[in-house]
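Written out below as structure tokens is the structure these notes cover.
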Amino acid sequence: MIQADVLIVGGGGAGTSAALHLARRGVRVVLLERGLVGGQATGVNYGGVRQQGRHPAGIPLARKSREIWSRIRELTGSDVEFDPSGHLKLARSAADEAELLRWNTLAVEHGLRPRMIGRNAIRELYPHFSDVVIAGSLMEEDGSANPRLLAPALARAARKAGADIREGHAVTGLEHDGTDFRLLANGTRFAAPWLLNCAGFWGGEIARQFGEAVPIEKLHPNMLVTEPLPYFLRESLGVVGGGLYMRQIARGNIIFGGGRGESDAGITFTRPRPDAAFEVMRSAIAVIPRLEHAMVIRSWSGTDGTFADHFPVLGPSRTTPGLIHAFGFCGEGFQTGPGVGAVLSELVMDGVTDVPLEAFDIGRFTAAQIAV
Amino acid sequence: MRIVVVGGGPAGIRAVEQLVRAGVTPIWIEEGPDGGGRITQRPPPGFTRDHAALYGADAGRARRLHATLDAMKPRTDWRPDTLVWNIRPQDKVLHTLTNGAAQGEVAYDALILCTGAMDRVLPLPGWTLPGVTTLGGAQVALKSQGVGIGANPVLIGTGPLLWLTALQYAKAGAKPAAVLDTTDFLTKARFGAGMLWNLPTLLRGMGLFAQLKLRGVKLHEDITPLAIEGVDGVTAVHWRDAAWKEHVTPCDAVGMGWGLKPEAQLADLAGVPFDYDATQQNWVPRKDVAGRAPVAGVYLAGDGAGIGGVEVAELAGARAALAALGDAHLPSDMALTQHLDGRLRTERRFRKALEQAFPYPAKLAARMEDSTSVCRCEVITAGELRAAAAADAPEVNRAKAFSRVGMGRCQGRLCGTPAAAVLAKALSVEVPEVGRLRGQPPVKPVPLQQVG
Amino acid sequence: MTVTRLLDQDRTAITFTVDGVQVPAKQGDTLLTAMLTAGLGHVRTSEFGDGGRAGFCWMGACQDCWVLVVGKGVRRSCTTLVEPGIEVVRR
Ligand SMILES: Cc1cc2nc3c(=O)[nH]c(=O)nc-3n(C[C@H](O)[C@H](O)[C@H](O)COP(=O)(O)OP(=O)(O)OC[C@H]3O[C@@H](n4cnc5c(N)ncnc54)[C@H](O)[C@@H]3O)c2cc1C
Ligand SMILES: Cc1cc2nc3c(=O)[nH]c(=O)nc-3n(C[C@H](O)[C@H](O)[C@H](O)COP(=O)(O)OP(=O)(O)OC[C@H]3O[C@@H](n4cnc5c(N)ncnc54)[C@H](O)[C@@H]3O)c2cc1C
Ligand code: FES
């Protein structure tokens, strides 16, 4: 049996970041990951490092994470292709424009500095947009990173700092003996007084085993990538109302998404859906006409957990002391991954964090809600 | 009963023939403008060479296949110029692209995939230069376009296609500057004995060799290719002989190929598991002797289901169709089924010997210089791939995630085999242990702009 | 490189344009064959700085021969036949 101070289930952005932050503070931490670190949502997402458009309750966490993103090289030894290229959210109607203004006002109250780009300016600055686009809001400090690199980089740094990161370790047995959590993974037993539930969509099942069933749902965003095209698009793009996001990497490929893919019942696979792809291909050309000659070379999907209120579950368990949940990031947890790890380490080590977590409390799901 | 056959090559033709015999009208989808497949590919309208000129020793087979092809077209829902780019097995739906532009959907109850193969390559310095093609490409150029990739090409690789292509070039009036075979004579001789199971084919192989010598084409065995030289095109090939002596052979083009690799991307998307075939040195989709995949309604035949050659493709195509008919409780010819099973058994023994006689030089691939592009789509070097291994990539998909090897337009069709060899060596494990690149839709690029 | 016409040359002569320049071809040529026999040398340029590309497999597998055909979209030159007067743009 392996005794540790903290056990982490799940090697996505949340889990690997927690492992790194804890190991740096000298904690004996063991992370158990079923596949390879970053093999699920954290490794296959769109790569948007975006604060823009978040609900005000989510902004403090996103800001904390953004601060860590700016130190990601120092922290991990790799830049994970993080590029604060700006995130530009587009309005395609007067109502959209009003929505951008509304959010910008809120965001300023939370210390962010979005900038409206009006009808004339957007024409001038972004000649590649069609007339469908009438205005935009730019968050200069947002941007993107390479999702395939983040969790492996965090895990590598965590290992260096002393964390025990075990890939190919599916946690199959899970209990709390009153003092310690006892986990079984890959034939080995692990014990520790702290357990961090960083299991992504599957975190719902872990919570259920501790008497905290939550109405989590599968989320499979539909992703596409084009062949390399001449570079023209600096900012990562979104549109009001969602349904299309798009960015171009320096090599020229345009990564874009919108709509939903699918999975089988056991989520042994996720697949992109052609109908969703066609829809998003149409809207992409409508916004950027020059894409009409581009070819799609690959498509995919992945699995995140989501809730009706669009908030993750992040904070202490209501049933089991020492258990902290961090899962169900509703399609927005790539940006927050590094910050979530910091928050988790603070909750373990200090008992408090400077990020308000009320909105993310697992206690918000009353029995009535769960029954639906 | 909606039966769909994908592929109009020998396997597809023979599958369709059995379906039609049983009274079924299959939907028959082929990416090219006409059927025939690779070995018996037809030139576009306007070319006048006859079967003997086009297909040489395979003329009789070509004539028979084309006759069946033409007879079947009106008795099926024949859809040429149509690429199947995705499968959603849970809904039993295919997604198609016609004439490179129009999207379509085809539902099936049974699906027979006869998607053929492509050349297996060994990346060399200079292999992305204009003038370098696959051996198959060199052959297609001659067969279906009447052109040579050069007037004095060097042909590098191993296998029957190497000599065959050389002879076809020589006969067409080009003068191959050299034929460079990476396999040594002993390996060929040792396993050649196993080919006695198929005497006519063996004799043809030996005949090729003799004819090439007769025409004064220089043949070198047991060589190591070093580099292809040139700036905007090919000017020479650098290679080393068995005695470790280096040579430079001037030439104006290079054809290269080391056997074939299944075009099994659709089987992959259909959810068919793959196994490593150590003799073939290929990952092949799993199927039973009749061609049934372990996925409901999916059947596999021909080179796309594991390299077997044209004879096997024809037999297996018919066999898979009979299996699909039987499984659907439609009339299927029992006597023919038994006959096919017997023939397929014999052919498999021959094939095994053939593969052993002409192995893929995985060791050469593994030793590739750091600066050589493994992945020609994304221009990723062997060095970058080795860096991925060092950064903790225990298998090829992780290495792809780190290095972008296999992320380009061809989806790893070309780099998959050599990348696995490089990675395995860097990790000090056997090639099968690093796995295979998983397929993703679309199997070939599709336009953003949609029509239809 | 010198892609060389060897056989079956008795076909109708036609012309089309590549990057605005008239190029001779024969009925039944693929775009790849026509461009390379006409001495154009390459059909596309690698995005990653290692020069021109002129296809590789000639059978629609390697995806290294895409060109733009005006009015039709992006096509593989090895699997697309020349038609009189079409306009090809190399990328
Ligand atoms: C296609 C897609 C696009 C997205 N785009 C963006 C974006 O642009 N910006 C953004 O901010 N967010 C985006 N997201 C959301 C973001 O990717 C996720 O919210 C985030 O990565 C979740 O991180 P995680 O660590 O919670 O979960 P995951 O990355 O899913 O990690 C959980 C890990 O737990 C492991 N695990 C589960 N159960 C067990 C067990 N029993 N034993 C051992 N291990 C277990 C899993 O194998 C997995 O590796 C996207 C998501 C998807 C799927
Ligand atoms: C380039 C090349 C040259 C060859 N030359 C010779 C030779 O000279 N002598 C010899 O003995 N053997 C040769 N072979 C091997 C020989 O072609 C095969 O053994 C035989 O043709 C296999 O038949 P098949 O029906 O399995 O596949 P193929 O003949 O390859 O036919 C497969 C067909 O499926 C179609 N197809 C594939 N994927 C899709 C899709 N997604 N959607 C729609 N259609 C699709 C293809 O367009 C093709 O027409 C060659 C192979 C190649 C690749
Ligand atoms: S030359 Fe390979 S796809 Fe055209």
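Convention: chains lettered A, B, ... in structure tokens order; per-chain residue numbering from 1; ligands numbered from 1 as shown.
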With only C-alpha atoms counted and 9 Å as the cut-off, give the residues of chain B in contact with chain A, each with its shortest interatomic distance in Å and the pair that gives it, as JSON lines.
```
{"residue": "B:Asn86", "atom": "CA", "partner": "A:Pro274", "partner_atom": "CA", "distance": 8.6}
{"residue": "B:Arg88", "atom": "CA", "partner": "A:Arg271", "partner_atom": "CA", "distance": 8.5}
{"residue": "B:Gln90", "atom": "CA", "partner": "A:Asp264", "partner_atom": "CA", "distance": 8.2}
{"residue": "B:His95", "atom": "CA", "partner": "A:Pro274", "partner_atom": "CA", "distance": 8.1}
{"residue": "B:Ala391", "atom": "CA", "partner": "A:Arg156", "partner_atom": "CA", "distance": 8.6}
{"residue": "B:Asp392", "atom": "CA", "partner": "A:Pro152", "partner_atom": "CA", "distance": 8.4}
{"residue": "B:Arg398", "atom": "CA", "partner": "A:Leu36", "partner_atom": "CA", "distance": 8.6}
{"residue": "B:Ala401", "atom": "CA", "partner": "A:Arg148", "partner_atom": "CA", "distance": 5.7}
{"residue": "B:Phe402", "atom": "CA", "partner": "A:Leu149", "partner_atom": "CA", "distance": 6.7}
{"residue": "B:Met407", "atom": "CA", "partner": "A:Arg298", "partner_atom": "CA", "distance": 8.2}
{"residue": "B:Gly408", "atom": "CA", "partner": "A:Ile297", "partner_atom": "CA", "distance": 7.2}
{"residue": "B:Arg409", "atom": "CA", "partner": "A:Ile297", "partner_atom": "CA", "distance": 5.5}
{"residue": "B:Cys410", "atom": "CA", "partner": "A:Ile297", "partner_atom": "CA", "distance": 8.2}
{"residue": "B:Gln411", "atom": "CA", "partner": "A:Ile297", "partner_atom": "CA", "distance": 7.9}
{"residue": "B:Gln440", "atom": "CA", "partner": "A:Arg298", "partner_atom": "CA", "distance": 6.1}
{"residue": "B:Pro441", "atom": "CA", "partner": "A:Arg298", "partner_atom": "CA", "distance": 5.7}
{"residue": "B:Pro442", "atom": "CA", "partner": "A:Arg298", "partner_atom": "CA", "distance": 5.8}
{"residue": "B:Val443", "atom": "CA", "partner": "A:Arg298", "partner_atom": "CA", "distance": 8.1}
{"residue": "B:Lys444", "atom": "CA", "partner": "A:Ile297", "partner_atom": "CA", "distance": 6.8}
{"residue": "B:Pro445", "atom": "CA", "partner": "A:Ile297", "partner_atom": "CA", "distance": 4.6}
{"residue": "B:Val446", "atom": "CA", "partner": "A:Met295", "partner_atom": "CA", "distance": 5.4}
{"residue": "B:Pro447", "atom": "CA", "partner": "A:Met295", "partner_atom": "CA", "distance": 4.3}
{"residue": "B:Leu448", "atom": "CA", "partner": "A:Met295", "partner_atom": "CA", "distance": 5.5}
{"residue": "B:Gln449", "atom": "CA", "partner": "A:Glu292", "partner_atom": "CA", "distance": 5.2}
{"residue": "B:Gln450", "atom": "CA", "partner": "A:Phe278", "partner_atom": "CA", "distance": 7.7}
```
Export, as a CSV table (one decimal), in the first residue's frame, the selected residues with N, CA and C atoms.
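result-v3.csv written:
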```
chain,number,residue,atom,x,y,z
B,86,ASN,N,-16.6,9.2,-44.4
B,86,ASN,CA,-16.8,8.9,-43.0
B,86,ASN,C,-17.8,7.8,-42.9
B,88,ARG,N,-20.6,6.3,-39.8
B,88,ARG,CA,-21.1,6.3,-38.5
B,88,ARG,C,-21.8,5.0,-38.2
B,90,GLN,N,-22.8,3.3,-35.7
B,90,GLN,CA,-24.0,3.2,-34.8
B,90,GLN,C,-25.3,3.5,-35.5
B,95,HIS,N,-20.9,8.7,-45.2
B,95,HIS,CA,-21.0,10.1,-45.7
B,95,HIS,C,-20.1,10.1,-47.0
B,391,ALA,N,10.2,13.1,-24.7
B,391,ALA,CA,9.2,13.9,-23.9
B,391,ALA,C,8.1,13.0,-23.3
B,392,ASP,N,8.3,11.6,-23.4
B,392,ASP,CA,7.4,10.7,-22.8
B,392,ASP,C,6.2,10.4,-23.6
B,398,ARG,N,0.3,9.6,-29.1
B,398,ARG,CA,0.9,10.6,-28.2
B,398,ARG,C,2.0,11.3,-28.9
B,401,ALA,N,0.6,13.7,-31.1
B,401,ALA,CA,0.1,14.9,-30.4
B,401,ALA,C,1.2,15.9,-30.0
B,402,PHE,N,2.4,15.3,-29.7
B,402,PHE,CA,3.5,16.2,-29.4
B,402,PHE,C,4.2,16.8,-30.6
B,407,MET,N,-0.3,14.4,-38.7
B,407,MET,CA,-1.4,15.3,-38.6
B,407,MET,C,-1.8,16.1,-39.9
B,408,GLY,N,-1.1,15.7,-41.0
B,408,GLY,CA,-1.4,16.5,-42.2
B,408,GLY,C,-2.5,15.9,-43.0
B,409,ARG,N,-2.5,16.4,-44.3
B,409,ARG,CA,-3.6,16.1,-45.2
B,409,ARG,C,-3.8,14.6,-45.4
B,410,CYS,N,-2.7,13.8,-45.4
B,410,CYS,CA,-2.8,12.4,-45.7
B,410,CYS,C,-3.1,11.5,-44.5
B,411,GLN,N,-3.2,12.2,-43.3
B,411,GLN,CA,-3.6,11.5,-42.1
B,411,GLN,C,-2.7,10.3,-41.8
B,440,GLN,N,-9.2,9.5,-38.2
B,440,GLN,CA,-10.2,10.5,-37.9
B,440,GLN,C,-10.9,10.9,-39.2
B,441,PRO,N,-12.2,11.2,-39.2
B,441,PRO,CA,-12.8,11.6,-40.4
B,441,PRO,C,-12.4,13.1,-40.7
B,442,PRO,N,-12.4,13.5,-41.9
B,442,PRO,CA,-12.6,12.8,-43.1
B,442,PRO,C,-11.4,11.9,-43.5
B,443,VAL,N,-11.6,10.8,-44.2
B,443,VAL,CA,-10.4,10.0,-44.5
B,443,VAL,C,-9.6,10.6,-45.6
B,444,LYS,N,-10.1,11.5,-46.4
B,444,LYS,CA,-9.4,12.4,-47.2
B,444,LYS,C,-10.0,13.8,-47.1
B,445,PRO,N,-9.3,14.9,-47.4
B,445,PRO,CA,-9.8,16.2,-47.2
B,445,PRO,C,-11.2,16.4,-47.9
B,446,VAL,N,-12.0,17.2,-47.2
B,446,VAL,CA,-13.3,17.6,-47.8
B,446,VAL,C,-13.4,19.1,-47.8
B,447,PRO,N,-14.1,19.7,-48.8
B,447,PRO,CA,-14.1,21.1,-48.9
B,447,PRO,C,-15.1,21.7,-47.8
B,448,LEU,N,-14.7,22.9,-47.3
B,448,LEU,CA,-15.6,23.6,-46.4
B,448,LEU,C,-16.9,24.0,-47.1
B,449,GLN,N,-16.7,24.4,-48.3
B,449,GLN,CA,-17.9,24.8,-49.1
B,449,GLN,C,-18.7,23.6,-49.5
B,450,GLN,N,-20.0,23.6,-49.2
B,450,GLN,CA,-20.8,22.4,-49.5
B,450,GLN,C,-21.8,22.7,-50.7
```
- request: Restrict the distance test to only C-alpha atoms, flag each residue of chain B within 7 Å of chain C, and return the flagged residues as JSON, numbers by chain.
  value: {"B": [44, 45, 46, 47, 48, 49, 128, 129, 130, 131, 132, 133, 134, 136, 137, 140, 141, 145, 146, 147, 148, 149, 150, 151, 172, 173, 233, 234, 252, 253, 379, 409, 410, 414]}
Preceding selection exported with N, CA, C and O atoms as a CSV table (one decimal), in the first residue's frame:
```csv
chain,number,residue,atom,x,y,z
B,44,PRO,N,-8.2,7.0,-68.8
B,44,PRO,CA,-9.4,7.8,-69.1
B,44,PRO,C,-9.8,7.6,-70.6
B,44,PRO,O,-9.0,7.1,-71.4
B,45,PRO,N,-11.0,7.9,-71.0
B,45,PRO,CA,-11.4,7.8,-72.4
B,45,PRO,C,-10.4,8.6,-73.3
B,45,PRO,O,-9.9,9.6,-72.9
B,46,GLY,N,-10.1,8.0,-74.5
B,46,GLY,CA,-9.2,8.7,-75.4
B,46,GLY,C,-7.9,7.9,-75.6
B,46,GLY,O,-7.2,8.1,-76.6
B,47,PHE,N,-7.6,7.1,-74.6
B,47,PHE,CA,-6.4,6.3,-74.7
B,47,PHE,C,-6.7,5.0,-75.5
B,47,PHE,O,-7.8,4.5,-75.4
B,48,THR,N,-5.8,4.6,-76.3
B,48,THR,CA,-6.1,3.5,-77.2
B,48,THR,C,-5.3,2.2,-77.0
B,48,THR,O,-5.6,1.3,-77.7
B,49,ARG,N,-4.3,2.2,-76.1
B,49,ARG,CA,-3.6,0.9,-75.9
B,49,ARG,C,-4.6,-0.2,-75.6
B,49,ARG,O,-5.5,0.1,-74.8
B,128,THR,N,10.9,14.5,-50.7
B,128,THR,CA,9.7,15.4,-51.1
B,128,THR,C,10.0,16.2,-52.3
B,128,THR,O,9.1,17.0,-52.8
B,129,LEU,N,11.2,16.0,-53.0
B,129,LEU,CA,11.5,16.8,-54.2
B,129,LEU,C,10.5,16.4,-55.3
B,129,LEU,O,10.1,15.2,-55.4
B,130,PRO,N,10.1,17.4,-56.2
B,130,PRO,CA,9.4,17.0,-57.4
B,130,PRO,C,10.2,16.0,-58.2
B,130,PRO,O,11.4,16.1,-58.2
B,131,GLY,N,9.5,15.0,-58.7
B,131,GLY,CA,10.2,13.9,-59.4
B,131,GLY,C,10.4,12.6,-58.6
B,131,GLY,O,10.7,11.6,-59.2
B,132,VAL,N,10.1,12.7,-57.3
B,132,VAL,CA,10.1,11.5,-56.5
B,132,VAL,C,8.6,11.0,-56.4
B,132,VAL,O,7.8,11.8,-56.0
B,133,THR,N,8.4,9.8,-56.7
B,133,THR,CA,7.0,9.3,-56.6
B,133,THR,C,7.1,7.9,-55.9
B,133,THR,O,8.2,7.4,-55.7
B,134,THR,N,5.9,7.4,-55.6
B,134,THR,CA,5.9,6.0,-55.1
B,134,THR,C,6.1,5.1,-56.4
B,134,THR,O,5.9,5.5,-57.5
B,136,GLY,N,4.1,2.7,-57.1
B,136,GLY,CA,2.7,2.6,-57.6
B,136,GLY,C,2.5,3.8,-58.5
B,136,GLY,O,1.9,3.7,-59.6
B,137,GLY,N,2.9,5.0,-58.0
B,137,GLY,CA,2.7,6.2,-58.8
B,137,GLY,C,3.4,6.2,-60.1
B,137,GLY,O,2.9,6.6,-61.1
B,140,VAL,N,1.3,3.9,-62.2
B,140,VAL,CA,0.0,4.6,-62.6
B,140,VAL,C,0.3,5.6,-63.7
B,140,VAL,O,-0.5,5.7,-64.7
B,141,ALA,N,1.4,6.3,-63.6
B,141,ALA,CA,1.7,7.3,-64.6
B,141,ALA,C,1.8,6.7,-66.0
B,141,ALA,O,1.2,7.2,-67.0
B,145,GLN,N,-1.7,7.1,-67.8
B,145,GLN,CA,-1.5,8.4,-68.4
B,145,GLN,C,-0.5,8.3,-69.6
B,145,GLN,O,-0.3,9.3,-70.3
B,146,GLY,N,0.2,7.2,-69.7
B,146,GLY,CA,1.1,7.1,-70.9
B,146,GLY,C,2.4,7.9,-70.7
B,146,GLY,O,3.1,8.1,-71.7
B,147,VAL,N,2.7,8.3,-69.4
B,147,VAL,CA,3.9,9.1,-69.2
B,147,VAL,C,4.8,8.4,-68.2
B,147,VAL,O,4.4,7.5,-67.4
B,148,GLY,N,6.1,8.7,-68.3
B,148,GLY,CA,7.1,8.2,-67.3
B,148,GLY,C,7.4,9.3,-66.4
B,148,GLY,O,7.4,10.5,-66.7
B,149,ILE,N,7.6,8.9,-65.1
B,149,ILE,CA,8.0,10.0,-64.1
B,149,ILE,C,9.3,10.6,-64.5
B,149,ILE,O,9.6,11.7,-64.1
B,150,GLY,N,10.1,10.0,-65.4
B,150,GLY,CA,11.3,10.5,-65.9
B,150,GLY,C,11.7,9.6,-67.1
B,150,GLY,O,11.1,8.6,-67.3
B,151,ALA,N,12.8,10.1,-67.7
B,151,ALA,CA,13.3,9.2,-68.8
B,151,ALA,C,14.3,8.2,-68.3
B,151,ALA,O,14.5,7.2,-68.8
B,172,ALA,N,8.5,0.6,-72.2
B,172,ALA,CA,7.9,1.8,-72.8
B,172,ALA,C,8.9,2.8,-73.4
B,172,ALA,O,8.5,3.8,-73.9
B,173,GLY,N,10.1,2.5,-73.3
B,173,GLY,CA,11.1,3.3,-74.0
B,173,GLY,C,11.9,4.2,-73.0
B,173,GLY,O,12.7,5.0,-73.5
B,233,GLY,N,14.3,19.5,-58.5
B,233,GLY,CA,13.9,18.2,-59.1
B,233,GLY,C,15.1,17.3,-58.7
B,233,GLY,O,16.0,17.7,-58.0
B,234,VAL,N,14.9,16.1,-59.2
B,234,VAL,CA,15.9,15.0,-58.9
B,234,VAL,C,17.1,15.0,-59.8
B,234,VAL,O,16.9,15.1,-61.0
B,252,ASP,N,16.8,11.3,-63.4
B,252,ASP,CA,15.9,12.5,-63.5
B,252,ASP,C,14.6,12.3,-62.7
B,252,ASP,O,13.7,13.1,-62.7
B,253,ALA,N,14.5,11.1,-62.0
B,253,ALA,CA,13.3,10.9,-61.2
B,253,ALA,C,13.6,9.7,-60.3
B,253,ALA,O,14.5,8.9,-60.6
B,379,VAL,N,6.0,18.3,-42.7
B,379,VAL,CA,7.4,18.5,-42.7
B,379,VAL,C,7.9,18.4,-41.2
B,379,VAL,O,8.4,19.4,-40.6
B,409,ARG,N,-2.5,16.4,-44.3
B,409,ARG,CA,-3.6,16.1,-45.2
B,409,ARG,C,-3.8,14.6,-45.4
B,409,ARG,O,-4.9,14.1,-45.6
B,410,CYS,N,-2.7,13.8,-45.4
B,410,CYS,CA,-2.8,12.4,-45.7
B,410,CYS,C,-3.1,11.5,-44.5
B,410,CYS,O,-3.3,10.3,-44.6
B,414,LEU,N,1.2,7.9,-45.2
B,414,LEU,CA,2.6,7.7,-45.6
B,414,LEU,C,3.6,7.5,-44.4
B,414,LEU,O,4.4,6.6,-44.4
```
- request: Find the residues near B:Gly308: any atom within 9 Å, counting only C-alpha atoms, skip ones fewer than 3 places away on the same chain, and give them as a count of residues only.
  value: 10
Sorted per-residue table, chain A near ligand 1, closest atoms and distance, 7 Å, only C-alpha atoms and all ligand atoms, as a Markdown table:
```
| residue | atom | partner | partner_atom_place_in_ligand_line | distance |
| --- | --- | --- | --- | --- |
| A:Val9 | CA | ligand 1 | 43 (C) | 5.3 |
| A:Gly10 | CA | ligand 1 | 34 (O) | 3.2 |
| A:Gly11 | CA | ligand 1 | 33 (C) | 4.7 |
| A:Gly12 | CA | ligand 1 | 25 (O) | 3.3 |
| A:Gly13 | CA | ligand 1 | 25 (O) | 4.1 |
| A:Ala14 | CA | ligand 1 | 25 (O) | 4.0 |
| A:Gly15 | CA | ligand 1 | 25 (O) | 5.6 |
| A:Leu32 | CA | ligand 1 | 43 (C) | 5.3 |
| A:Glu33 | CA | ligand 1 | 44 (N) | 3.8 |
| A:Arg34 | CA | ligand 1 | 43 (C) | 3.8 |
| A:Gly35 | CA | ligand 1 | 47 (O) | 5.3 |
| A:Leu36 | CA | ligand 1 | 49 (O) | 6.7 |
| A:Val37 | CA | ligand 1 | 49 (O) | 5.6 |
| A:Gly38 | CA | ligand 1 | 49 (O) | 5.3 |
| A:Gly39 | CA | ligand 1 | 49 (O) | 5.1 |
| A:Gln40 | CA | ligand 1 | 30 (O) | 4.4 |
| A:Ala41 | CA | ligand 1 | 29 (O) | 3.9 |
| A:Thr42 | CA | ligand 1 | 21 (O) | 3.3 |
| A:Gly43 | CA | ligand 1 | 29 (O) | 6.5 |
| A:Val44 | CA | ligand 1 | 1 (C) | 5.8 |
| A:Asn45 | CA | ligand 1 | 3 (C) | 3.4 |
| A:Tyr46 | CA | ligand 1 | 5 (N) | 4.0 |
| A:Gly47 | CA | ligand 1 | 8 (O) | 4.4 |
| A:Gly48 | CA | ligand 1 | 8 (O) | 3.4 |
| A:Val49 | CA | ligand 1 | 9 (N) | 5.6 |
| A:Arg50 | CA | ligand 1 | 11 (O) | 6.3 |
| A:His169 | CA | ligand 1 | 43 (C) | 5.8 |
| A:Ala170 | CA | ligand 1 | 42 (N) | 3.7 |
| A:Val171 | CA | ligand 1 | 42 (N) | 3.8 |
| A:Thr172 | CA | ligand 1 | 41 (N) | 6.0 |
| A:Cys198 | CA | ligand 1 | 26 (O) | 5.6 |
| A:Ala199 | CA | ligand 1 | 34 (O) | 3.5 |
| A:Gly200 | CA | ligand 1 | 27 (O) | 3.5 |
| A:Phe201 | CA | ligand 1 | 30 (O) | 6.2 |
| A:Trp202 | CA | ligand 1 | 38 (N) | 4.9 |
| A:Gly203 | CA | ligand 1 | 38 (N) | 6.5 |
| A:Leu219 | CA | ligand 1 | 53 (C) | 6.7 |
| A:His220 | CA | ligand 1 | 53 (C) | 5.4 |
| A:Pro221 | CA | ligand 1 | 1 (C) | 4.3 |
| A:Asn222 | CA | ligand 1 | 1 (C) | 5.9 |
| A:Met223 | CA | ligand 1 | 1 (C) | 5.9 |
| A:Ser301 | CA | ligand 1 | 1 (C) | 4.7 |
| A:Gly302 | CA | ligand 1 | 53 (C) | 3.8 |
| A:Thr303 | CA | ligand 1 | 53 (C) | 4.4 |
| A:Asp304 | CA | ligand 1 | 53 (C) | 5.0 |
| A:Ala326 | CA | ligand 1 | 26 (O) | 6.7 |
| A:Phe327 | CA | ligand 1 | 26 (O) | 4.8 |
| A:Gly328 | CA | ligand 1 | 26 (O) | 6.1 |
| A:Phe329 | CA | ligand 1 | 19 (O) | 4.1 |
| A:Cys330 | CA | ligand 1 | 19 (O) | 5.7 |
| A:Gly331 | CA | ligand 1 | 15 (C) | 3.4 |
| A:Glu332 | CA | ligand 1 | 12 (N) | 3.4 |
| A:Gly333 | CA | ligand 1 | 19 (O) | 3.1 |
| A:Phe334 | CA | ligand 1 | 11 (O) | 3.5 |
| A:Gln335 | CA | ligand 1 | 11 (O) | 3.9 |
| A:Thr336 | CA | ligand 1 | 11 (O) | 6.2 |
| A:Gly337 | CA | ligand 1 | 23 (O) | 6.2 |
```
query: Do you know which residues are within 7 Å of ligand 2 using only C-alpha atoms and all ligand atoms? Can you write them as a PyMOL selection string?
result: (chain B and resi 6-12+29-32+35-40+82-85+114-119+136-137+139-140+161+164+260+263+266+301-304+307-310+313+443) or (chain C and resi 59)
All alpha helix (DSSP H) residues (DSSP, backbone) inside stretch 218-336 of chain B, as a list in words: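 So, restricting stretch 218-336 of chain B to alpha helix (DSSP H), we get Gln265, Leu266, Ala267, Asp268, Leu269, Gly309, Val310, Glu311, Val312, Ala313, Glu314, Leu315, Ala316, Gly317, Ala318, Arg319, Ala320, Ala321, Leu322, Ala323, Ala324, Leu325, Gly326, Asp327, Met334, Ala335 and Leu336 of chain B.
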task: Measuring atom to atom with only C-alpha atoms and all ligand atoms, identify which of C:Ala38, C:Ile86, C:Val70, C:Cys65 is nearest to ligand 3.
output: C:Cys65
- prompt: Neighbours of B:Val272 within 8 Å (only C-alpha atoms; same-chain residues fewer than 4 positions away dropped), as a PyMOL selection string?
  reply: chain B and resi 267-268+285-286+293-295
task: Quick one: pick out all strand (DSSP E) residues within stretch 94-296 of chain B from a backbone DSSP run and write them as a ChimeraX atom specification.
output: /B:94-98,102-107,110-113,117-119,132-134,147-148,153-158,178-181,219-220,224-229,236-240,246-250,253-258,260-262,274-277,282-285
task: Write out as a PyMOL selection string each polymer residue whose atoms come within 8 Å of A:His110, counting only C-alpha atoms; drop sequence neighbours fewer than 5 positions from it.
output: chain A and resi 56+59-60
query: What is the distance between atom CA of A:Leu100 and atom CA of A:Ala135, in Å to one decimal?
result: 8.9 Å
field: A:Asp83 environment, 10 Å, only C-alpha atoms, sequence neighbours closer than 6 positions dropped, as a list in words
entry: Gly48, Val49, Trp69, Ser70, Glu141, Asp142, Gly143, Ser144, Ala145, Asn146, Arg234, Glu235, Ser236 and Ile249 of chain A
message: Show me, as a list in words, the residues that have an atom within 9 Å of A:Ala342 when counting only C-alpha atoms, minus same-chain residues fewer than 2 positions from it.
response: Ala14, Ser17, Ala18, Leu20, His21, Leu22, Lys64, Ser65, Ile68, Gly337, Pro338, Gly339, Val340, Leu344, Ser345, Glu346, Leu347 and Thr353 of chain A
field: Atomic separation - atom CA of A:Gly211 relative to atom CA of A:Gly315, Å
entry: 15.5 Å
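In this comparison, which uses only C-alpha atoms and all ligand atoms, the residue of B:Leu135, B:Leu330, B:Thr249, B:Gln41 approaching ligand 3 most closely is B:Leu135.
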